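K.L.:
Data: coords-v9.tsv, TSV, C-alpha atoms.
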```tsv
chain	number	residue	atom	x	y	z
A	1	MET	CA	-3.14	-25.51	4.11
A	2	GLN	CA	0.10	-24.34	5.77
A	3	ASN	CA	2.83	-26.76	6.85
A	4	ILE	CA	4.26	-25.81	10.24
A	5	THR	CA	7.51	-26.80	11.95
A	6	ILE	CA	7.55	-26.24	15.71
A	7	LEU	CA	10.95	-25.87	17.34
A	8	GLY	CA	10.53	-26.76	21.01
A	9	SER	CA	7.11	-28.40	20.75
A	10	THR	CA	7.20	-29.92	24.25
A	11	GLY	CA	7.69	-26.53	25.93
A	12	THR	CA	4.98	-24.12	26.98
A	13	ILE	CA	4.95	-22.12	23.74
A	14	GLY	CA	5.09	-25.28	21.67
A	15	GLU	CA	2.14	-26.82	23.48
A	16	GLN	CA	0.12	-23.62	23.16
A	17	THR	CA	0.94	-23.45	19.44
A	18	LEU	CA	-0.42	-26.95	18.99
A	19	ASP	CA	-3.55	-25.94	20.91
A	20	VAL	CA	-4.20	-23.12	18.42
A	21	ILE	CA	-3.41	-25.35	15.44
A	22	ALA	CA	-5.84	-27.99	16.70
A	23	ARG	CA	-8.62	-25.40	16.54
A	24	HIS	CA	-8.00	-24.88	12.81
A	25	PRO	CA	-7.30	-28.28	11.19
A	26	GLN	CA	-8.46	-26.94	7.84
A	27	ARG	CA	-5.74	-24.25	7.84
A	28	TYR	CA	-2.67	-25.87	9.40
A	29	LYS	CA	-0.79	-29.16	9.27
A	30	VAL	CA	2.18	-30.00	11.48
A	31	PHE	CA	5.18	-30.86	9.31
A	32	ALA	CA	7.74	-31.39	12.07
A	33	LEU	CA	7.95	-31.35	15.85
A	34	THR	CA	11.24	-30.94	17.68
A	35	ALA	CA	12.42	-31.24	21.27
A	36	ASN	CA	15.51	-32.02	23.32
A	37	THR	CA	14.83	-35.08	25.50
A	38	ASN	CA	11.14	-35.10	26.48
A	39	THR	CA	10.02	-38.30	24.75
A	40	LYS	CA	6.89	-38.72	26.87
A	41	VAL	CA	5.24	-35.51	25.68
A	42	MET	CA	6.68	-35.84	22.17
A	43	LEU	CA	5.19	-39.33	21.77
A	44	GLN	CA	1.68	-38.07	22.50
A	45	GLN	CA	2.14	-35.05	20.25
A	46	CYS	CA	3.22	-37.28	17.37
A	47	LEU	CA	0.23	-39.54	17.85
A	48	ASP	CA	-2.14	-36.57	18.02
A	49	PHE	CA	-0.76	-34.53	15.10
A	50	GLN	CA	1.02	-37.15	12.95
A	51	PRO	CA	3.89	-34.96	11.75
A	52	GLN	CA	6.10	-36.11	8.91
A	53	TYR	CA	9.16	-35.69	11.14
A	54	ALA	CA	9.99	-35.66	14.84
A	55	VAL	CA	13.48	-34.42	15.69
A	56	MET	CA	15.07	-34.95	19.10
A	57	LEU	CA	18.26	-33.00	19.71
A	58	ASP	CA	19.44	-35.85	21.95
A	59	ALA	CA	20.30	-39.03	20.00
A	60	ALA	CA	19.41	-41.40	22.85
A	61	ALA	CA	16.00	-39.76	23.20
A	62	ALA	CA	15.44	-40.11	19.46
A	63	LYS	CA	16.09	-43.83	19.66
A	64	VAL	CA	13.60	-44.22	22.49
A	65	LEU	CA	10.97	-42.19	20.64
A	66	ALA	CA	11.43	-44.20	17.43
A	67	GLU	CA	10.92	-47.45	19.32
A	68	GLN	CA	7.79	-46.12	21.02
A	69	LEU	CA	6.28	-44.81	17.78
A	70	ALA	CA	6.96	-48.13	16.07
A	71	THR	CA	4.70	-49.90	18.56
A	72	HIS	CA	1.89	-47.57	17.42
A	73	ASN	CA	2.63	-48.15	13.71
A	74	SER	CA	3.31	-44.42	13.34
A	75	LYS	CA	4.57	-43.13	9.99
A	76	THR	CA	6.44	-40.24	11.64
A	77	VAL	CA	10.15	-40.36	10.81
A	78	VAL	CA	12.35	-39.78	13.87
A	79	LEU	CA	15.63	-37.87	13.42
A	80	SER	CA	18.21	-36.46	15.81
A	81	GLY	CA	20.81	-33.74	16.08
A	82	LEU	CA	21.21	-30.06	15.30
A	83	SER	CA	21.64	-30.53	11.54
A	84	ASN	CA	18.24	-32.20	11.30
A	85	LEU	CA	16.66	-29.39	13.34
A	86	GLU	CA	17.99	-27.03	10.68
A	87	GLN	CA	16.74	-29.32	7.91
A	88	VAL	CA	13.11	-29.38	9.10
A	89	CYS	CA	13.21	-25.57	9.23
A	90	SER	CA	14.52	-25.11	5.71
A	91	ASP	CA	12.66	-27.95	3.95
A	92	ALA	CA	10.87	-26.78	0.80
A	93	ALA	CA	7.56	-28.14	2.12
A	94	VAL	CA	7.61	-25.88	5.19
A	95	ASP	CA	5.62	-22.64	5.15
A	96	ALA	CA	6.18	-21.39	8.70
A	97	VAL	CA	8.48	-22.12	11.64
A	98	MET	CA	7.57	-21.52	15.27
A	99	ALA	CA	10.97	-20.82	16.84
A	100	ALA	CA	10.32	-21.62	20.51
A	101	ILE	CA	13.46	-23.42	21.65
A	102	VAL	CA	14.64	-21.75	24.86
A	103	GLY	CA	18.20	-20.49	24.97
A	104	ALA	CA	21.14	-20.41	22.58
A	105	ALA	CA	20.22	-23.83	21.14
A	106	GLY	CA	17.53	-22.17	19.03
A	107	LEU	CA	19.92	-19.88	17.15
A	108	LYS	CA	21.10	-22.07	14.26
A	109	PRO	CA	17.66	-23.56	13.40
A	110	ALA	CA	16.17	-20.05	13.35
A	111	MET	CA	19.00	-18.89	11.09
A	112	ALA	CA	18.28	-21.83	8.77
A	113	ALA	CA	14.62	-20.79	8.55
A	114	ALA	CA	15.62	-17.19	7.82
A	115	SER	CA	18.06	-18.15	5.08
A	116	ALA	CA	15.39	-20.38	3.51
A	117	GLY	CA	12.90	-17.50	3.37
A	118	LYS	CA	10.32	-18.96	5.74
A	119	ARG	CA	7.68	-17.21	7.79
A	120	ILE	CA	9.32	-17.17	11.22
A	121	LEU	CA	7.24	-16.91	14.37
A	122	LEU	CA	10.01	-15.87	16.73
A	123	ALA	CA	9.50	-16.80	20.38
A	124	ASN	CA	13.19	-17.45	21.05
A	125	LYS	CA	14.63	-14.28	22.59
A	126	GLU	CA	18.18	-15.48	22.44
A	127	THR	CA	18.31	-15.51	18.63
A	128	LEU	CA	18.14	-11.72	18.52
A	129	VAL	CA	20.03	-11.18	21.78
A	130	MET	CA	22.98	-13.29	20.63
A	131	ALA	CA	23.02	-12.55	16.93
A	132	GLY	CA	20.70	-9.64	16.21
A	133	SER	CA	22.60	-8.10	13.29
A	134	LEU	CA	23.40	-11.44	11.66
A	135	PHE	CA	19.87	-12.76	12.06
A	136	MET	CA	18.20	-9.63	10.71
A	137	ASP	CA	20.58	-9.70	7.73
A	138	ALA	CA	19.65	-13.36	7.11
A	139	VAL	CA	15.94	-12.48	7.25
A	140	LYS	CA	16.42	-9.72	4.70
A	141	GLN	CA	18.68	-11.67	2.37
A	142	GLY	CA	16.52	-14.81	2.54
A	143	GLY	CA	13.29	-12.92	1.97
A	144	ALA	CA	11.84	-14.34	5.20
A	145	ILE	CA	8.85	-12.88	7.04
A	146	LEU	CA	9.63	-12.23	10.70
A	147	LEU	CA	6.72	-12.07	13.17
A	148	PRO	CA	7.51	-11.54	16.87
A	149	ILE	CA	5.63	-13.85	19.26
A	150	ASP	CA	6.77	-12.45	22.61
A	151	SER	CA	3.59	-10.81	23.90
A	152	GLU	CA	5.31	-7.43	24.21
A	153	HIS	CA	6.84	-7.31	20.74
A	154	ASN	CA	3.75	-8.82	19.19
A	155	ALA	CA	1.76	-6.02	20.82
A	156	ILE	CA	4.12	-3.39	19.40
A	157	PHE	CA	3.91	-5.01	15.97
A	158	GLN	CA	0.12	-4.84	16.13
A	159	VAL	CA	-0.07	-1.13	16.98
A	160	MET	CA	2.92	0.13	15.00
A	161	SER	CA	2.16	2.01	11.80
A	162	PRO	CA	3.43	0.39	8.57
A	163	GLN	CA	5.80	3.32	8.12
A	164	GLY	CA	7.04	2.88	11.68
A	165	LEU	CA	7.92	-0.76	11.03
A	166	GLU	CA	10.22	0.49	8.30
A	167	ASN	CA	11.58	3.51	10.16
A	168	LEU	CA	10.45	4.88	13.54
A	169	LYS	CA	11.03	8.50	12.53
A	170	ASP	CA	9.10	8.13	9.26
A	171	GLY	CA	6.25	6.53	11.20
A	172	GLY	CA	6.10	9.41	13.66
A	173	VAL	CA	7.10	7.18	16.57
A	174	ARG	CA	8.55	8.84	19.66
A	175	LYS	CA	9.24	5.72	21.69
A	176	ILE	CA	8.34	2.10	22.39
A	177	ILE	CA	6.99	1.27	25.85
A	178	LEU	CA	7.51	-2.30	27.04
A	179	THR	CA	5.32	-3.36	29.95
A	180	ALA	CA	6.58	-5.69	32.67
A	181	SER	CA	4.56	-7.49	35.32
A	182	GLY	CA	7.33	-6.85	37.84
A	183	GLY	CA	7.45	-10.54	38.70
A	184	PRO	CA	6.62	-12.17	42.04
A	185	PHE	CA	9.05	-10.03	44.08
A	186	ARG	CA	7.98	-6.59	42.89
A	187	GLN	CA	7.09	-5.44	46.41
A	188	TYR	CA	9.87	-7.29	48.23
A	189	THR	CA	12.54	-5.41	50.17
A	190	GLN	CA	16.18	-6.10	49.37
A	191	ALA	CA	16.41	-8.20	52.54
A	192	GLN	CA	13.49	-10.33	51.38
A	193	ILE	CA	14.94	-10.67	47.87
A	194	ASP	CA	18.19	-11.97	49.35
A	195	LYS	CA	16.24	-14.92	50.83
A	196	VAL	CA	14.34	-15.86	47.66
A	197	THR	CA	14.32	-19.57	46.79
A	198	PRO	CA	13.85	-21.26	43.39
A	199	ALA	CA	10.39	-22.45	44.42
A	200	MET	CA	9.37	-18.87	45.17
A	201	ALA	CA	10.80	-17.56	41.88
A	202	LEU	CA	8.86	-20.14	39.85
A	203	LYS	CA	5.49	-18.79	41.00
A	204	HIS	CA	4.73	-16.06	38.45
A	205	PRO	CA	1.65	-14.00	39.35
A	206	ASN	CA	0.19	-13.80	35.82
A	207	TRP	CA	1.83	-15.97	33.17
A	208	VAL	CA	2.31	-19.73	32.75
A	209	MET	CA	5.83	-20.21	31.37
A	210	GLY	CA	8.82	-22.51	31.51
A	211	ALA	CA	11.28	-22.44	34.42
A	212	LYS	CA	14.02	-20.39	32.76
A	213	ILE	CA	11.79	-17.59	31.47
A	214	THR	CA	9.89	-17.51	34.78
A	215	VAL	CA	13.12	-16.88	36.71
A	216	ASP	CA	14.11	-14.29	34.10
A	217	SER	CA	10.81	-12.53	34.78
A	218	ALA	CA	11.55	-12.54	38.50
A	219	THR	CA	14.98	-10.92	37.97
A	220	LEU	CA	13.65	-8.57	35.22
A	221	MET	CA	16.25	-10.05	32.87
A	222	ASN	CA	13.35	-11.19	30.73
A	223	LYS	CA	12.49	-7.53	30.18
A	224	GLY	CA	16.12	-6.70	29.59
A	225	LEU	CA	16.33	-9.31	26.85
A	226	GLU	CA	13.15	-7.85	25.38
A	227	VAL	CA	14.76	-4.40	25.27
A	228	ILE	CA	17.55	-5.88	23.15
A	229	GLU	CA	14.99	-7.68	20.98
A	230	ALA	CA	13.05	-4.46	20.44
A	231	HIS	CA	16.23	-2.73	19.30
A	232	TRP	CA	16.68	-5.25	16.49
A	233	LEU	CA	13.03	-5.82	15.58
A	234	PHE	CA	12.11	-2.15	15.32
A	235	ASN	CA	15.49	-0.49	14.75
A	236	ALA	CA	15.03	1.42	18.01
A	237	GLN	CA	17.83	3.05	19.97
A	238	PRO	CA	18.10	2.33	23.74
A	239	SER	CA	16.78	5.84	24.47
A	240	GLN	CA	13.65	5.03	22.44
A	241	ILE	CA	12.79	1.94	24.50
A	242	GLU	CA	11.15	2.48	27.88
A	243	VAL	CA	10.16	-0.17	30.42
A	244	VAL	CA	7.12	0.38	32.64
A	245	VAL	CA	5.99	-2.04	35.35
A	246	HIS	CA	2.33	-2.93	34.90
A	247	PRO	CA	1.34	-5.61	37.45
A	248	GLN	CA	-1.97	-6.62	35.84
A	249	SER	CA	-0.33	-7.70	32.52
A	250	VAL	CA	-3.37	-6.49	30.59
A	251	ILE	CA	-1.59	-3.89	28.46
A	252	HIS	CA	1.08	-5.91	26.68
A	253	SER	CA	3.03	-2.93	25.33
A	254	MET	CA	2.54	0.50	23.78
A	255	VAL	CA	3.81	2.82	21.07
A	256	GLU	CA	3.95	6.57	21.68
A	257	TYR	CA	3.74	8.85	18.64
A	258	VAL	CA	5.10	12.38	18.25
A	259	ASP	CA	1.58	13.87	18.30
A	260	GLY	CA	1.07	12.60	21.85
A	261	SER	CA	-1.03	9.56	20.91
A	262	VAL	CA	-0.24	6.31	22.70
A	263	LEU	CA	-1.54	3.11	21.10
A	264	ALA	CA	-1.69	-0.05	23.18
A	265	GLN	CA	-2.63	-3.70	22.66
A	266	LEU	CA	-4.65	-5.21	25.50
A	267	GLY	CA	-5.77	-8.73	26.29
A	268	ASN	CA	-5.78	-11.45	28.89
A	269	PRO	CA	-2.28	-12.77	29.71
A	270	ASP	CA	-2.38	-15.81	27.42
A	271	MET	CA	0.31	-16.57	24.84
A	272	ARG	CA	-2.22	-18.10	22.47
A	273	THR	CA	-3.20	-14.57	21.39
A	274	PRO	CA	0.18	-13.64	19.85
A	275	ILE	CA	0.62	-17.21	18.58
A	276	ALA	CA	-2.69	-17.07	16.70
A	277	TYR	CA	-1.83	-13.60	15.38
A	278	GLY	CA	1.49	-14.88	14.05
A	279	LEU	CA	0.02	-18.01	12.50
A	280	ALA	CA	-2.75	-16.20	10.63
A	281	TYR	CA	-1.18	-12.77	9.94
A	282	PRO	CA	-2.55	-10.55	8.44
A	283	GLU	CA	-5.83	-12.29	9.26
A	284	ARG	CA	-7.15	-13.00	12.75
A	285	ILE	CA	-8.41	-16.38	13.97
A	286	ASP	CA	-9.89	-17.80	17.15
A	287	SER	CA	-7.16	-18.50	19.69
A	288	GLY	CA	-9.24	-19.96	22.49
A	289	VAL	CA	-8.47	-16.97	24.71
A	290	SER	CA	-11.39	-15.57	26.71
A	291	SER	CA	-12.59	-11.99	26.26
A	292	LEU	CA	-11.11	-9.24	28.40
A	293	ASP	CA	-13.53	-8.18	31.14
A	294	PHE	CA	-12.77	-4.55	32.00
A	295	LEU	CA	-15.27	-4.49	34.89
A	296	THR	CA	-13.46	-7.39	36.56
A	297	ILE	CA	-10.06	-5.76	36.07
A	298	GLY	CA	-11.24	-2.59	37.79
A	299	GLN	CA	-8.01	-0.61	37.51
A	300	LEU	CA	-4.63	-0.61	35.80
A	301	GLU	CA	-1.43	0.30	37.67
A	302	PHE	CA	1.96	1.51	36.47
A	303	GLU	CA	5.30	2.18	38.15
A	304	ALA	CA	8.95	2.58	37.27
A	305	PRO	CA	11.20	-0.49	37.45
A	306	ASP	CA	13.67	-0.56	40.34
A	307	THR	CA	17.06	-1.35	38.84
A	308	LYS	CA	18.76	-1.31	42.24
A	309	ARG	CA	16.73	-4.26	43.54
A	310	PHE	CA	16.60	-5.80	40.06
A	311	PRO	CA	19.92	-4.89	38.37
A	312	CYS	CA	19.53	-7.37	35.48
A	313	LEU	CA	17.41	-4.88	33.55
A	314	GLN	CA	20.16	-2.25	33.68
A	315	LEU	CA	22.78	-4.86	32.76
A	316	ALA	CA	20.82	-5.59	29.58
A	317	TYR	CA	20.65	-1.89	28.69
A	318	ASP	CA	24.40	-1.67	29.34
A	319	ALA	CA	25.10	-4.64	27.06
A	320	LEU	CA	22.95	-3.14	24.30
A	321	LYS	CA	24.79	0.17	24.52
A	322	ALA	CA	28.17	-1.59	24.53
A	323	GLY	CA	27.23	-3.42	21.32
A	324	GLY	CA	29.24	-6.17	19.66
A	325	THR	CA	29.36	-9.45	21.54
A	326	ALA	CA	28.26	-7.94	24.87
A	327	SER	CA	24.70	-9.23	24.48
A	328	THR	CA	26.01	-12.73	23.70
A	329	ILE	CA	28.05	-12.65	26.91
A	330	LEU	CA	25.04	-11.35	28.85
A	331	ASN	CA	22.80	-14.12	27.52
A	332	ALA	CA	25.25	-16.96	28.11
A	333	ALA	CA	26.10	-15.83	31.63
A	334	ASN	CA	22.41	-15.47	32.43
A	335	GLU	CA	21.54	-18.97	31.19
A	336	VAL	CA	24.27	-20.52	33.32
A	337	ALA	CA	23.36	-18.36	36.32
A	338	VAL	CA	19.66	-19.21	36.17
A	339	ASN	CA	20.44	-22.91	35.93
A	340	ALA	CA	22.77	-22.64	38.92
A	341	PHE	CA	20.11	-20.79	40.91
A	342	LEU	CA	17.50	-23.43	40.09
A	343	ASN	CA	19.96	-26.07	41.33
A	344	ASP	CA	20.67	-24.17	44.59
A	345	GLN	CA	24.28	-23.47	43.63
A	346	ILE	CA	23.94	-19.68	43.90
A	347	GLY	CA	21.43	-17.32	45.47
A	348	PHE	CA	19.00	-15.05	43.66
A	349	LYS	CA	21.35	-12.06	43.89
A	350	GLY	CA	24.12	-14.24	42.51
A	351	ILE	CA	22.43	-14.21	39.10
A	352	SER	CA	23.02	-10.49	38.53
A	353	ASP	CA	26.42	-10.60	40.27
A	354	LEU	CA	27.62	-13.31	37.89
A	355	ILE	CA	26.35	-11.50	34.78
A	356	ALA	CA	27.96	-8.21	35.85
A	357	SER	CA	31.27	-9.98	36.44
A	358	ALA	CA	31.18	-11.63	33.01
A	359	LEU	CA	30.44	-8.33	31.27
A	360	ASN	CA	33.28	-6.65	33.14
A	361	LYS	CA	35.90	-9.36	32.64
A	362	LEU	CA	35.32	-10.74	29.15
A	363	ALA	CA	36.47	-8.91	26.02
A	364	ILE	CA	33.75	-7.40	23.81
A	365	GLU	CA	34.35	-7.82	20.08
A	366	ASN	CA	32.66	-6.65	16.89
A	367	VAL	CA	30.28	-9.29	15.52
A	368	ASN	CA	31.46	-10.98	12.31
A	369	ALA	CA	30.07	-14.51	12.09
A	370	ILE	CA	27.89	-17.12	13.78
A	371	GLU	CA	30.96	-19.26	14.51
A	372	GLN	CA	32.48	-16.33	16.42
A	373	LEU	CA	29.31	-15.95	18.51
A	374	VAL	CA	29.27	-19.66	19.27
A	375	GLU	CA	32.83	-19.37	20.58
A	376	VAL	CA	32.01	-16.24	22.61
A	377	ASP	CA	29.00	-18.08	24.03
A	378	ARG	CA	31.22	-21.03	24.98
A	379	GLU	CA	33.82	-18.80	26.65
A	380	ALA	CA	31.15	-16.91	28.60
A	381	ARG	CA	29.62	-20.16	29.82
A	382	GLN	CA	33.04	-21.39	30.89
A	383	TYR	CA	33.65	-18.15	32.77
A	384	ALA	CA	30.25	-18.39	34.43
A	385	GLY	CA	30.86	-22.00	35.45
A	386	ASP	CA	34.20	-21.06	36.99
A	387	TRP	CA	32.58	-18.12	38.79
A	388	ILE	CA	29.97	-20.44	40.30
A	389	ALA	CA	32.64	-22.91	41.37
A	390	ARG	CA	34.53	-20.13	43.12
A	391	SER	CA	31.37	-18.84	44.80
A	392	MET	CA	30.75	-22.30	46.23
A	393	ASN	CA	34.29	-22.39	47.60
A	394	PRO	CA	34.93	-19.56	50.11
A	395	LYS	CA	38.68	-20.29	50.11
A	396	ALA	CA	38.84	-19.74	46.35
A	397	LEU	CA	37.07	-16.39	46.71
A	398	ALA	CA	39.59	-15.31	49.33
A	399	CYS	CA	42.53	-15.97	46.99
```
For the structure just supplied, provide its representation as structure tokens.
P.N.:
Amino acid sequence: MQNITILGSTGTIGEQTLDVIARHPQRYKVFALTANTNTKVMLQQCLDFQPQYAVMLDAAAAKVLAEQLATHNSKTVVLSGLSNLEQVCSDAAVDAVMAAIVGAAGLKPAMAAASAGKRILLANKETLVMAGSLFMDAVKQGGAILLPIDSEHNAIFQVMSPQGLENLKDGGVRKIILTASGGPFRQYTQAQIDKVTPAMALKHPNWVMGAKITVDSATLMNKGLEVIEAHWLFNAQPSQIEVVVHPQSVIHSMVEYVDGSVLAQLGNPDMRTPIAYGLAYPERIDSGVSSLDFLTIGQLEFEAPDTKRFPCLQLAYDALKAGGTASTILNAANEVAVNAFLNDQIGFKGISDLIASALNKLAIENVNAIEQLVEVDREARQYAGDWIARSMNPKALAC
């Protein structure tokens, strides 16, 4: 029986993780569930899975949840705050941590799990984007097991040779090929893209995801963040990471070897597949995902990404090549920009414009410590907020 902590249990990945766990009650027990403010979903999850702890990042939400659970005579202990998120990741009773908090908020809990030597199912892109070198060092020093849950990196992990996981050259790997759906605006002209609304961006053609990652998919920033992730997960140089648009989202990613072989992992677009793989590795268990029907698919298409219409992908490559704190700046600016877009404060094109401005204006430093990255993140968010304020005030832009 494995004890599991789920960071971000009320989000899409968290809910799908609980779906897989529920199919295997003899193998897994939920130790802790965590969320930010969503007490409604958290209450039901606690009643269904009876975790030892429920941690709400927001103190007021924790108080509400505790009162609600008390009326049901629940034995779940309710805690709040970042330090308790870290505690339920590093607790001696925990075997594995699903790191699925969206954004920079997931960094410190994931670091706590790494330092404590846990099995980490990493679904939080920002941990590697913000602090790739520090996090990978913590994984190594803590003796943790790191399993990527993003469908693309999980696919690469599945088809990569054991030698390749240690060193691409020793494994005979020529390059990693990340597939991208292209998002909902793949066939839009630039004029059409300029008129995109939040409601349009939230309609992904293949995947069911949260709002932030869905917008990132529409801008191709999601793929850009995955390029940075792949660099850290597989020790791959930017030139060894290729992005190919594959609208059907059936091939989740590929590895090309020096002998010309290309190995791919295929499956229906359902995150329960990589979640189940991560939970049971190196075994395989039922995930609830239906079989892939090749006759229904009919054909698979591929095309090059257009970085002129979708510049966020190139911005991510640029940040990776720049190194240091550039990826932290990229990530922070993107989070603020996406939130502003969803709140109708900037247009779709404004997302990439803001990120480019932040990368051009803010100083890039060598990475030394988590505290430094937290400060860089704060400064980048402040810059992004000021940029948005100026964009909403034509007179300020004219100055």
K.L.:
Which residues, written as a ChimeraX atom specification, have at least one atom at most 12 Å from stretch 360-371 of chain A, with all atoms listed in the file counted and residues fewer than 5 positions away on the same chain left out?
P.N.:
/A:104,107-108,111-112,127,130-135,137-138,315,318-330,332-333,353-355,376-384,387
K.L.:
Mind giving me the straight-line distance from atom CA of A:His252 to atom CA of A:Asp270 in Å, one decimal?
P.N.:
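So the answer is 10.5 Å.
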K.L.:
Which distance in Å separates atom CA of A:Cys89 and atom CA of A:Leu47, to one decimal?
P.N.:
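The value is 20.9 Å.
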K.L.:
With a distance cut-off of 6 Å and only C-alpha atoms, select the neighbouring residues of stretch 279-292 of chain A, excluding the residue or stretch itself and same-chain residues fewer than 6 positions from it, and output the selection as a list in words.
P.N.:
Val20, Gly267, Asn268, Arg272 and Thr273 of chain A
K.L.:
Nearest to A:Trp232: which of A:Gln192, A:Ser83, A:Asn167, A:Ser261 is it, counting all atoms listed in the file?
P.N.:
A:Asn167
K.L.:
Using only C-alpha atoms, which residue out of A:Asp306, A:Ala211, A:Leu128, A:Gln158 lies closest to A:Arg186?
P.N.:
A:Asp306
K.L.:
Would you please work out which residue, of A:Ala180, A:Val78, A:Ile21, A:Ala337, is nearest to A:Val243 when using all atoms listed in the file?
P.N.:
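Nearest to A:Val243: A:Ala180.
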K.L.:
Could you check the closest approach to A:Gln52 for each of A:Asp194, A:Glu335, A:Asp91, A:Asp259 and tell me which residue wins, using all atoms listed in the file?
P.N.:
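Of A:Asp194, A:Glu335, A:Asp91, A:Asp259, the one nearest A:Gln52, counting all atoms listed in the file, is A:Asp91.
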K.L.:
Need the shell around A:Thr12: protein/DNA/RNA residues with any atom at most 12 Å away, counting only C-alpha atoms. Skip same-chain ones fewer than 4 positions apart. Format as an MDAnalysis selection string?
P.N.:
chainID A and resid 6:8 16:19 35 41 100:102 123 207:214 270:272 275
K.L.:
Near A:Glu242, counting all atoms listed in the file, which residues have an atom at most 8 Å away, once you skip same-chain residues fewer than 4 positions from it, shown as a PyMOL selection string?
P.N.:
chain A and resi 175-178
K.L.:
For each of A:Glu229, A:Asp150, A:Glu126, A:Glu67, take the minimum atom-to-atom distance to A:Leu373, counting only C-alpha atoms, then give the residue where this is smallest.
P.N.:
A:Glu126
K.L.:
Would you pick out the contacts of A:Ala116 at 12 Å or less, using all atoms listed in the file, so that residues sharing its chain but fewer than 5 positions from it are not included, and give the list as a ChimeraX atom specification?
P.N.:
/A:86-97,109-111,138-145
K.L.:
Which residue gives the smallest distance to A:Thr39 among A:Lys63, A:Arg119, A:His153, A:Arg23, with all atoms listed in the file counted?
P.N.:
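Distance minimum relative to A:Thr39 lands on A:Lys63.
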K.L.:
Provide the atom CA of A:Val244 to atom CA of A:Thr179 distance in Å, to one decimal place.
P.N.:
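Distance between the two atoms: 4.9 Å.
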